[in-house]
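Engineer: To start, I am sharing the structure in question, which I have written as structure tokens.
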Amino acid sequence: MQIIQSSLNDEFRDKVRAWLHSNVPKEQRPKRGRAMREFDTQWQRTQFEAGWAGLAWPREYGGQGFSLIQQMIWMQEYALAGAPAGGAMFVATTHAGPTLITHGTEAQKAFHLPKILSGESVWCQGFSEPGAGSDLAGLSTKAQIDGEYLVINGSKIWTSYAKVADYQELLVRTDPQSSRHKGISWVICDMHAPGISVRPIMSMSGLDTFCEVFYDDVRIPLDRVVGELNNGWRIAMTTLGFERGTATIAHQIELSRTVDALLEIAKKADSSGTGETPIDDTSVAAELAVLRAEVATLRSMTSLTISRNLHQDVPGPEGAIVALFFCELARRVYAMAITLLGPIGLERDTNGRDWPLEYLEAYKWAIGGGTSEIRRNLIAERVLGLPK
Amino acid sequence: MQIIQSSLNDEFRDKVRAWLHSNVPKEQRPKRGRAMREFDTQWQRTQFEAGWAGLAWPREYGGQGFSLIQQMIWMQEYALAGAPAGGAMFVATTHAGPTLITHGTEAQKAFHLPKILSGESVWCQGFSEPGAGSDLAGLSTKAQIDGEYLVINGSKIWTSYAKVADYQELLVRTDPQSSRHKGISWVICDMHAPGISVRPIMSMSGLDTFCEVFYDDVRIPLDRVVGELNNGWRIAMTTLGFERGTATIAHQIELSRTVDALLEIAKKADSSGTGETPIDDTSVAAELAVLRAEVATLRSMTSLTISRNLHQDVPGPEGAIVALFFCELARRVYAMAITLLGPIGLERDTNGRDWPLEYLEAYKWAIGGGTSEIRRNLIAERVLGLPK
Amino acid sequence: MIIDLSPTEDQAMIRTSVADLLDSVLPLDRLLKDHNHLASAELSSWSSFADQGLFGLAIDTESGGTGYSIAEQVVVCNEFGRHLVSPITMATMLATQLAVRAGLTDVVRSLIGGDKRAAFANPVANIDYNAGGTAEVQVIDGTGADYIILIDEERALLFNGNACEFLRSVPAIDETINIDRLGLPLDQTLVHSKDDLSTCRHHTLMLAAYLLGMAEVTRNMAVDYARIREQFGQPIGKFQAVKHICADMAVRAEAALAQTFYAATLASVDHPNGDSEAASARLIASRAALDNARANIQVHGGMGFSAECTAHFFLKRAHIITALNAAPLAAQSKILADLEPLS
Amino acid sequence: MIIDLSPTEDQAMIRTSVADLLDSVLPLDRLLKDHNHLASAELSSWSSFADQGLFGLAIDTESGGTGYSIAEQVVVCNEFGRHLVSPITMATMLATQLAVRAGLTDVVRSLIGGDKRAAFANPVANIDYNAGGTAEVQVIDGTGADYIILIDEERALLFNGNACEFLRSVPAIDETINIDRLGLPLDQTLVHSKDDLSTCRHHTLMLAAYLLGMAEVTRNMAVDYARIREQFGQPIGKFQAVKHICADMAVRAEAALAQTFYAATLASVDHPNGDSEAASARLIASRAALDNARANIQVHGGMGFSAECTAHFFLKRAHIITALNAAPLAAQSKILADLEPLS
């Protein structure tokens with residue numbers, strides 16, 4: 001436990017803050033379609049041109065090779081400046097790029113990495129299937145080898161941004177005799193290839209970033225396989241990106257600001273004219289105090305993860321603990337918003353904030369990217385060492 | 001949904017109430033030893049002599065053969081009159097007796113049933129073992145057949161009142177080749193037989209009703225087997241007593257009275273002299289309101305179970321739902337007592353009530369007689385029909 | 001007091017016939033298709049609801065009703081909740097009851113006959129009834145309603161729909177219902193009943209029954225899905241984590257059922273504890289509906305989060321019904337009031 | 001602000017040496033034997049605690065201390081919690097701190113040297129400090145204590161033990177500690193510090209660290225038991241229900257760890273957010289200690305409920321430490337206060 005004092009870090013923070021202050025887009029991010037893609041890729045290009053793209057990527061691949069502390073400073077300032085989330089560029093910059101850097105061929109790297117950094121190409125992820133959600137290893141999308149090609153048939157689901165993506169990290173079963181973790185390959189799929197169709201799935205909050213992707217005899221050249229054939233499971237599992245615990249900073253700061261917003265609401269006298277404010281109700285105050293303590297704790301847990309990673313090369317499985325804490329907390333924070341606002345919380349536009357949308361969106365954290373149940377298994381088995 | 005109006009029921013209630021009013025023991029029940037046994041057996045004898053023993057037992061075996069509604073009225077009035085719980089007589093009257101009536105030989109019934117009803121013999125239960133708690137079928141206490149005798153070796157645990165009991169319902173493995181549910185027998189064990197030793201186990205609340213019982217070459221005549229040899233599992237599982245859902249009435253009324261007591265405490269001004277009472281704190285009021293709604297609900301759930309049993313012969317598995325609701329609620333009610341009382345709640349004697357003891361005792365419900373986890377399995381599999 | 005919580009023959013019959021009707025005219029998957037704009041599905045079946053006598057179920061036969069009690073009304077509202085029927089049905093039942101007490105025979109006849117309908121008003125801030133003037137409210141599926149009913153824990157007001165001022169429509173958390181902001185003219189009430197506590201109590205119980213229905217259906221949906229959905233080579237219902245989620249759903253639904261039916265039975269004989277028991281029922285049923293809706297989404301995983309499965313409608317509707325004329329502090333003091341011993 | 005929450009070399013060394021000492025002189029199973037009457041085990045090792053410099057850890061070297069900060073003190077209190085050490089150790093550390101601020105060099109020397117000791121007073125009702133007179137308190141393991149320390153969220157008072165009036169002994173929920181009711185003479189304080197907020201903050205953090213230690217040990221105990229206890233032919237730790245209980249315990253312990261260490265780091269530089277962060281730490285650690293103690297009992301089943309296993313001591317001690325000088329409303333307003341942005 002100690003505060004890391006460094007004038008170099010302070011200078012870096014000042015520089016980041018100044019640049020973000022002048023460059024963070026002022027216009028609203030469009031919620032869908034080409035306009036959304038344009039916005040996200042343009043913001044990536046802006047960062048790229050100013051030398052802020054690929055913060056965690058090695059310098060030899062065009063990245064900035066920042067230290068973990070520098071990344072953390074960037075993420076903090078980024079969130080505090082209200083800079084937009086990666087959006088359509090998220091998979092490319094934090095997952096596909098790092099995977100290619102670690103496992104790709106020279107040709108794959110040379111072709112894709114510059115396009116990702118400059119915001120030229122958008123990636124999506126094709127891992128989950130209708131029959132293989134929590135059980136990713138149960139995937140059944142087939143890839144048959146036909147000469148120099150893989151011929152893909154099947155479907156993927158919960159693929160964000162598939163509608164606007166150029167490429168997809170696609171997991172397919174290349175060995176038809178195999179089952180579970182064996183015989184899976186990690187392939188770069190061109191989303192413009194013939195035989196691909198994309199169906200948006202409306203989420204319960206009314207957003208349609210999720211899609212289902214169908215593959216009907218889609219032909220992918222064999223040189224698009226990353227790593228080796230039938231080695232895809234290891235590649236999908238070992239590549240956690242380079243962010244080393246800093247990725248939750250944005251969520252944590254957003255949640256913390258939301259609790260502050262609730263506190264402001266609770267301190268305002270209601271329209272009944274009695275002069276009483278919700279916070280005068282000790283049960284409201286108690287609940288807000290718990291939430292505020294918990295968002296502070298989320299910040300501290302993020303800091304603890306990063307601290308551990310300062311002293312170890314490979315991030316430990318404790319990341320699942322922070323993820324579980326976050327997803328349970330997020331839902332309670334937004335549920336409190338609905339309760340606190342009473343009948344007004346049922347309306348989708350309250351003084352410019354769509355609380356119901358934010359509340360409903362918060363349900364995704366306990367489901368997507370591993371349900372809370374899967375995370376608890378993981379914590380029990382990998383962190384605590386309980387038998388499988 | 002309807003109120004059952006019946007002048008016969010009203011007369012019965014008046015009669016029960018009048019008798020209990022005059023006969024419920026006024027002295028404190030001793031907490032341990034022979035004095036406790038004397039108290040419990042004397043109260044049983046008092047009820048027996050007045051014609052109130054074996055309410056649910058058939059008349060041919062000396063019971064009263066009361067209807068379910070009459071049993072329910074009795075239990076309500078019994079709890080409201082503050083009559084003592086069955087204590088050392090509980091296993092004999094609600095479990096051993098009904099088991100013998102259903103599965104015993106004529107000789108077994110003729111010998112034991114009168115002694116139970118009149119309070120002459122005290123029974124205890126020998127089911128759980130150190131290695132077989134939640135997994136009762138994993139029991140390993142051995143009974144070897146030696147001529148006309150079973151020779152018992154092993155140990156049982158969590159046996160209430162073993163120190164003062166005359167007989168024990170004992171589950172033993174009579175077929176050494178068998179495993180799990182097969183090869184188990186249900187035996188009447190004389191607790192005064194040579195080779196039995198009893199070690200009290202202190203519970204975390206400081207009570208020592210639980211015991212561990214050790215069997216060292218204990219010889220039990222073969223005619224003490226109830227049902228047939230190796231058929232004990234079925235006997236243990238099918239005998240649920242005759243109480244058909246009325247057994248929780250006492251718990252429910254006690255819990256409801258405890259919440260009322262907490263409400264009284266919360267309405268009293270604290271000693272700080274500010275005139276403020278805990279209930280003025282809306283978070284305290286809100287928590288008490290939830291608890292009161294929940295104890296009302298427990299009462300309604302008990303009523304629902306009994307209502308169902310008015311129209312069906314065999315009680316359904318829904319009883320596990322009431323049991324789970326009760327055990328989770330009981331712990332929260334007593335935990336609220338400790339919180340509400342603040343520092344004073346840490347002291348074991350507060351105005352004549354030992355709140356810490358009651359709070360600590362409340363932990364047993366989620367563990368004994370099936371943990372909450374086992375109950376959830378049972379509800380999922382038997383009530384909801386989810387796959388085993 | 002001995003209460004038999006099992007359905008009477010009449011109650012069982014009423015349940016079956018209402019359930020059959022709703023299964024055929026308001027199947028749940030209607031909501032996936034057109035979001036039920038302005039309660040269109042309900043309105044096109046309005047006359048068949050009237051034909052079944054639903055709007056005068058708890059009204060004396062002399063007043064043109066069926067002569068049943070709140071107990072039977074609770075059975076019907078329970079089915080409404082299971083089918084996510086628009087709350088205008090319950091509003092119309094309560095409007096009938098208010099009109100009977102006020103002797104408005106024409107209004108009673110038109111409501112029971114299915115010619116007119118009512119909608120619930122939900123205050124957006126505390127209303128000062130003595131000050132008069134206009135009170136701003138949300139109205140649920142109230143566009144075109146003939147009457148607007150405003151109920152809190154101690155009074156019930158009935159307004160003519162066309163006497164109310166339309167302010168604006170607002171998009172709601174639940175896209176299957178419609179919320180309008182209206183101004184209610186407090187000095188132009190058709191009925192202003194200050195001590196008709198039985199109507200208030202019935203309102204509380206009907207909402208509890210509706211929420212109970214939601215808790216039951218979500219439990220069933222989760223169990224059905226857990227039986228068929230396979231992951232890791234087996235139905236997810238074999239995993240203890242999923243089993244225990246479902247078991248907890250069963251406990252919540254059973255608790256809400258027992259307390260709602262118990263309270264309704266007491267209310268049917270105007271028992272003095274009726275208010276407290278009804279408030280407890282609504283509290284328990286609200287928590288059951290919300291928590292079961294959440295658990296059902298979780299059991300359904302990605303499908304539960306998508307709009308292509310009906311799971312999310314139960315979450316949204318639970319928020320609407322939970323917030324409808326909710327007065328948590330008044331409900332709390334009812335629950336905490338001194339009670340008569342029940343035996 | 002960049003904080004490294006990993007232990008520094010000094011912190012790691014302090015933890016190891018304290019843990020080694022406590023493992024040898026205060027092993028947990030001592031509590032199964034004699035219930036630690038009047039903190040007898042602690043008192044017989046008192047001089048070895050003093051030899052390790054524990055009572056002057058966060059005291060300047062000029063004043064005779066070791067010159068570390070609250071961060072190192074938190075590491076030590078964390079070990080105290082893991083071993084369920086009597087709170088008199090923490091009371092003595094804080095008494096030293098108060099005595100330093102008041103310039104009582106003799107008192108400081110005798111406390112640091114292990115010749116004298118202090119105990120915590122816990123008010124049984126609100127105390128009116130302006131009224132003077134005698135305040136009735138509980139004192140924890142205070143029989144024979146040289147000093148009594150009374151701390152709330154905004155002040156700290158130190159009394160001479162023999163100036164206090166003994167009222168009576170009371171049996172406690174936790175049989176391993178001793179509670180006396182004492183009367184404190186409010187106008188005979190050795191130190192009455194009204195704005196020494198840093199001592200109040202240290203008190204809050206030390207209790208949080210102690211509770212954290214309990215949450216960690218109960219997690220470990222549950223996991224160890226789940227690995228070896230077999231039911232249904234396999235370790236119970238293979239059942240998802242038990243796995244998930246343990247996973248939730250791990251989350252609670254990790255949360256308490258992160259927040260306590262973070263808040264201690266801020267406190268070590270007197271950061272203006274220190275009060276709020278410390279109050280959050282105590283809240284999170286209290287819940288972690290209580291909930292993990294309960295979960296540990298549940299995982300242990302019948303053994304957990306018996307007095308023959310150490311699980312129950314953690315539940316009881318968690319109640320004692322949670323209630324110690326607790327001022328929930330004051331803590332709430334600290335948590336809800338306006339904060340400085342942290343970067």
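Chains: A, B, ... in order of the structure tokens. Residues: from 1 per chain. Ligands: from 1, in order shown.
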Should the cut-off be 7 Å, what would the residue list for chain A against chain B look like, counting only C-alpha atoms, as a ChimeraX atom specification?
Structural biologist: /A:281-283
Engineer: May I have the residues from that selection written out with N, CA and C atoms, as a JSON list (two decimals), in the first residue's frame?
Structural biologist:
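Output file part24.json follows:
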[["chain", "number", "residue", "atom", "x", "y", "z"],
["A", 281, "ASP", "N", -35.30, 10.70, 4.07],
["A", 281, "ASP", "CA", -35.76, 9.36, 4.43],
["A", 281, "ASP", "C", -34.53, 8.51, 4.69],
["A", 282, "THR", "N", -34.35, 8.07, 5.94],
["A", 282, "THR", "CA", -33.10, 7.38, 6.27],
["A", 282, "THR", "C", -32.94, 6.08, 5.49],
["A", 283, "SER", "N", -34.06, 5.49, 5.05],
["A", 283, "SER", "CA", -33.87, 4.25, 4.30],
["A", 283, "SER", "C", -33.29, 4.55, 2.92]]
Engineer: Show me which bits of chain B are within 6 Å of chain C, counting only C-alpha atoms, as a list of chain:residue names.
Structural biologist: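 Matching residues, ligands excluded from the count: B:Met1, B:Gln2, B:Ile3, B:Ile4, B:Ala289, B:Ala293, B:Thr297, B:Ser300, B:Met301, B:Leu304, B:Ser307, B:Ile321, B:Arg376, B:Ile379, B:Ala380, B:Leu386, B:Pro387.
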Engineer: Quick check, in Å to one decimal: how far apart do CA of Gln71 (chain B) and CA of Val322 (chain B) lie?
Structural biologist: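 According to the coordinates, CA of Gln71 (chain B) and CA of Val322 (chain B) are separated by 18.4 Å.
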Engineer: Looking only at strand (DSSP E or B) from DSSP on the backbone, list the matching residues of region 33-169 of chain A as a list in words.
Structural biologist: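 The strand (DSSP E or B) residues within region 33-169 of chain A come out as Trp123, Cys124, Gln125, Gly126, Glu129, Ala132, Lys142, Ala143, Gln144, Ile145, Asp146, Tyr149, Leu150, Val151, Ile152, Asn153, Gly154, Ser155, Lys156, Ile157, Tyr167, Gln168 and Glu169 of chain A.
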Engineer: Might you pull out every residue within 9 Å of Gly104 (chain A), with only C-alpha atoms counted and same-chain residues fewer than 4 positions away left off, and present them as an MDAnalysis selection string?
Structural biologist: chainID A and resid 99:100 108:109 225:227
Engineer: Would you save the residues from that selection as an mmCIF file, in the first residue's frame, using all heavy atoms?
Structural biologist:
data_model
loop_
_atom_site.group_PDB
_atom_site.id
_atom_site.type_symbol
_atom_site.label_atom_id
_atom_site.label_comp_id
_atom_site.auth_asym_id
_atom_site.auth_seq_id
_atom_site.Cartn_x
_atom_site.Cartn_y
_atom_site.Cartn_z
ATOM 1 N N THR A 99 -4.733 -10.401 -30.332
ATOM 2 C CA THR A 99 -4.662 -11.815 -30.727
ATOM 3 C C THR A 99 -3.739 -11.987 -31.931
ATOM 4 O O THR A 99 -2.896 -12.898 -31.959
ATOM 5 C CB THR A 99 -6.062 -12.352 -31.064
ATOM 6 O OG1 THR A 99 -6.916 -12.148 -29.936
ATOM 7 C CG2 THR A 99 -6.026 -13.839 -31.400
ATOM 8 N N LEU A 100 -3.898 -11.107 -32.915
ATOM 9 C CA LEU A 100 -3.034 -11.199 -34.099
ATOM 10 C C LEU A 100 -1.576 -10.959 -33.720
ATOM 11 O O LEU A 100 -0.679 -11.650 -34.201
ATOM 12 C CB LEU A 100 -3.481 -10.193 -35.160
ATOM 13 C CG LEU A 100 -4.853 -10.479 -35.805
ATOM 14 C CD1 LEU A 100 -5.218 -9.388 -36.809
ATOM 15 C CD2 LEU A 100 -4.856 -11.851 -36.486
ATOM 16 N N GLN A 108 -0.545 -11.614 -41.828
ATOM 17 C CA GLN A 108 -1.793 -11.199 -41.157
ATOM 18 C C GLN A 108 -1.571 -9.906 -40.381
ATOM 19 O O GLN A 108 -2.372 -8.970 -40.446
ATOM 20 C CB GLN A 108 -2.278 -12.307 -40.211
ATOM 21 C CG GLN A 108 -2.840 -13.528 -40.954
ATOM 22 C CD GLN A 108 -3.002 -14.746 -40.056
ATOM 23 O OE1 GLN A 108 -2.448 -14.791 -38.951
ATOM 24 N NE2 GLN A 108 -3.729 -15.747 -40.543
ATOM 25 N N LYS A 109 -0.472 -9.865 -39.668
ATOM 26 C CA LYS A 109 -0.187 -8.663 -38.882
ATOM 27 C C LYS A 109 -0.002 -7.455 -39.788
ATOM 28 O O LYS A 109 -0.563 -6.384 -39.538
ATOM 29 C CB LYS A 109 1.066 -8.876 -38.024
ATOM 30 C CG LYS A 109 0.837 -9.892 -36.905
ATOM 31 C CD LYS A 109 1.984 -9.899 -35.918
ATOM 32 C CE LYS A 109 2.822 -11.157 -36.102
ATOM 33 N NZ LYS A 109 3.733 -11.405 -34.971
ATOM 34 N N VAL A 225 -6.530 -18.629 -41.253
ATOM 35 C CA VAL A 225 -6.507 -19.269 -39.932
ATOM 36 C C VAL A 225 -5.408 -18.616 -39.092
ATOM 37 O O VAL A 225 -4.311 -18.385 -39.570
ATOM 38 C CB VAL A 225 -6.246 -20.783 -40.057
ATOM 39 C CG1 VAL A 225 -6.011 -21.414 -38.673
ATOM 40 C CG2 VAL A 225 -7.411 -21.460 -40.772
ATOM 41 N N VAL A 226 -5.718 -18.320 -37.848
ATOM 42 C CA VAL A 226 -4.728 -17.725 -36.948
ATOM 43 C C VAL A 226 -4.238 -18.806 -35.990
ATOM 44 O O VAL A 226 -5.033 -19.600 -35.489
ATOM 45 C CB VAL A 226 -5.335 -16.530 -36.176
ATOM 46 C CG1 VAL A 226 -4.366 -16.015 -35.117
ATOM 47 C CG2 VAL A 226 -5.706 -15.416 -37.150
ATOM 48 N N GLY A 227 -2.908 -18.812 -35.753
ATOM 49 C CA GLY A 227 -2.331 -19.929 -34.997
ATOM 50 C C GLY A 227 -2.341 -21.125 -35.930
ATOM 51 O O GLY A 227 -2.086 -20.990 -37.118
#
Engineer: Neighbours of region 179-189 of chain A within 9 Å (only C-alpha atoms; same-chain residues fewer than 5 positions away dropped), as a compact mmCIF listing (two decimals) with N, CA and C atoms, in the first residue's frame?
Structural biologist:
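result38.txt written:
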# COMPACT_ATOMS: atom_id res chain seq x y z
N LEU A 136 -19.21 -22.41 -24.33
CA LEU A 136 -18.59 -22.01 -25.59
C LEU A 136 -17.98 -23.20 -26.33
N ALA A 137 -17.41 -24.13 -25.56
CA ALA A 137 -16.73 -25.28 -26.20
C ALA A 137 -17.69 -26.21 -26.91
N GLY A 138 -19.00 -25.99 -26.70
CA GLY A 138 -19.98 -26.83 -27.37
C GLY A 138 -20.33 -26.33 -28.76
N LEU A 139 -19.52 -25.42 -29.31
CA LEU A 139 -19.88 -24.79 -30.60
C LEU A 139 -19.90 -25.81 -31.74
N SER A 140 -20.78 -25.57 -32.70
CA SER A 140 -20.94 -26.56 -33.76
C SER A 140 -20.88 -25.98 -35.17
N ALA A 143 -16.56 -26.00 -40.32
CA ALA A 143 -15.68 -25.49 -41.37
C ALA A 143 -15.06 -26.71 -42.04
N ASP A 166 -16.21 -5.18 -40.80
CA ASP A 166 -15.49 -5.65 -41.98
C ASP A 166 -14.95 -7.06 -41.76
N TYR A 167 -14.51 -7.34 -40.54
CA TYR A 167 -13.92 -8.65 -40.23
C TYR A 167 -14.51 -9.21 -38.95
N GLN A 168 -14.35 -10.50 -38.83
CA GLN A 168 -14.85 -11.16 -37.62
C GLN A 168 -13.80 -12.16 -37.13
N GLU A 169 -13.62 -12.18 -35.80
CA GLU A 169 -12.83 -13.28 -35.22
C GLU A 169 -13.82 -14.41 -35.06
N LEU A 170 -13.60 -15.47 -35.79
CA LEU A 170 -14.61 -16.53 -35.89
C LEU A 170 -14.04 -17.85 -35.38
N LEU A 171 -14.77 -18.46 -34.44
CA LEU A 171 -14.39 -19.80 -33.96
C LEU A 171 -15.25 -20.84 -34.67
N VAL A 172 -14.59 -21.79 -35.31
CA VAL A 172 -15.32 -22.83 -36.04
C VAL A 172 -14.74 -24.21 -35.73
N ARG A 173 -15.55 -25.22 -35.97
CA ARG A 173 -15.10 -26.59 -35.73
C ARG A 173 -14.51 -27.11 -37.04
N THR A 174 -13.19 -27.24 -37.10
CA THR A 174 -12.53 -27.68 -38.32
C THR A 174 -12.35 -29.19 -38.36
N ILE A 220 -13.57 -19.32 -46.92
CA ILE A 220 -12.50 -18.51 -46.33
C ILE A 220 -11.17 -19.18 -46.67
N LEU A 222 -7.56 -20.65 -46.50
CA LEU A 222 -6.92 -21.30 -45.35
C LEU A 222 -5.89 -20.40 -44.67
N ASP A 223 -5.31 -19.45 -45.45
CA ASP A 223 -4.30 -18.59 -44.81
C ASP A 223 -4.92 -17.56 -43.86
N ARG A 224 -6.22 -17.62 -43.70
CA ARG A 224 -6.87 -16.72 -42.72
C ARG A 224 -6.97 -17.38 -41.34
N VAL A 225 -6.53 -18.63 -41.25
CA VAL A 225 -6.51 -19.27 -39.93
C VAL A 225 -5.41 -18.62 -39.09
N VAL A 226 -5.72 -18.32 -37.85
CA VAL A 226 -4.73 -17.72 -36.95
C VAL A 226 -4.24 -18.81 -35.99
N GLY A 227 -2.91 -18.81 -35.75
CA GLY A 227 -2.33 -19.93 -35.00
C GLY A 227 -2.34 -21.12 -35.93
N GLU A 228 -2.63 -22.30 -35.41
CA GLU A 228 -2.71 -23.44 -36.31
C GLU A 228 -4.15 -23.94 -36.38
N LEU A 229 -4.39 -24.75 -37.40
CA LEU A 229 -5.68 -25.42 -37.52
C LEU A 229 -5.91 -26.26 -36.26
N ASN A 230 -7.14 -26.29 -35.77
CA ASN A 230 -7.55 -27.09 -34.60
C ASN A 230 -6.93 -26.63 -33.28
N ASN A 231 -6.34 -25.44 -33.29
CA ASN A 231 -5.69 -24.93 -32.08
C ASN A 231 -6.42 -23.68 -31.58
N GLY A 232 -7.64 -23.49 -32.07
CA GLY A 232 -8.35 -22.23 -31.82
C GLY A 232 -8.78 -22.02 -30.38
N TRP A 233 -9.06 -23.12 -29.69
CA TRP A 233 -9.53 -22.97 -28.31
C TRP A 233 -8.45 -22.30 -27.45
N ARG A 234 -7.22 -22.79 -27.63
CA ARG A 234 -6.13 -22.24 -26.83
C ARG A 234 -5.94 -20.75 -27.16
N ILE A 235 -6.07 -20.44 -28.44
CA ILE A 235 -5.89 -19.04 -28.84
C ILE A 235 -6.99 -18.16 -28.26
N ALA A 236 -8.23 -18.66 -28.33
CA ALA A 236 -9.33 -17.87 -27.79
C ALA A 236 -9.19 -17.68 -26.29
N PHE C 232 -23.32 -27.72 -21.88
CA PHE C 232 -22.39 -28.69 -21.30
C PHE C 232 -22.99 -30.10 -21.34
Engineer: Need the shell around region 94-96 of chain D: protein/DNA/RNA residues with any atom at most 8 Å away, counting only C-alpha atoms. Skip same-chain ones fewer than 2 positions apart. Format as a ChimeraX atom specification?
Structural biologist: /D:55-56,59,90-92,98-100,107-108,111-112,118,147,149,158,199,202-203
Engineer: Would you list the contacts of Asp208 (chain A) as a PyMOL selection string, taking every protein, DNA or RNA residue within 12 Å and counting only C-alpha atoms, but skipping same-chain residues closer than 4 positions in sequence?
Structural biologist: (chain A and resi 31-33+158-163+198-204+212+361) or (chain C and resi 305-308)
Engineer: In Å to one decimal, how far is CA of Gln47 (chain B) from CA of Pro84 (chain B)?
Structural biologist: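 Computing the Euclidean distance for CA of Pro84 (chain B) and CA of Gln47 (chain B) yields 11.8 Å.
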Engineer: Measure the distance from CA of His192 (chain C) to CA of Glu136 (chain C) in Å and round it to one decimal.
Structural biologist: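 Computing the Euclidean distance for CA of His192 (chain C) and CA of Glu136 (chain C) yields 17.0 Å.
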Engineer: Assign secondary structure with DSSP using the backbone only, and return the residues of region 13-42 of chain C in alpha helix (DSSP H) as a ChimeraX atom specification.
Structural biologist: /C:13-25,30-34,40-42
Engineer: Need the shell around Val213 (chain B): protein/DNA/RNA residues with any atom at most 6 Å away, counting only C-alpha atoms. Skip same-chain ones fewer than 3 positions apart. Format as a VMD selection string?
Structural biologist: chain B and resid 155 to 156 197 to 198
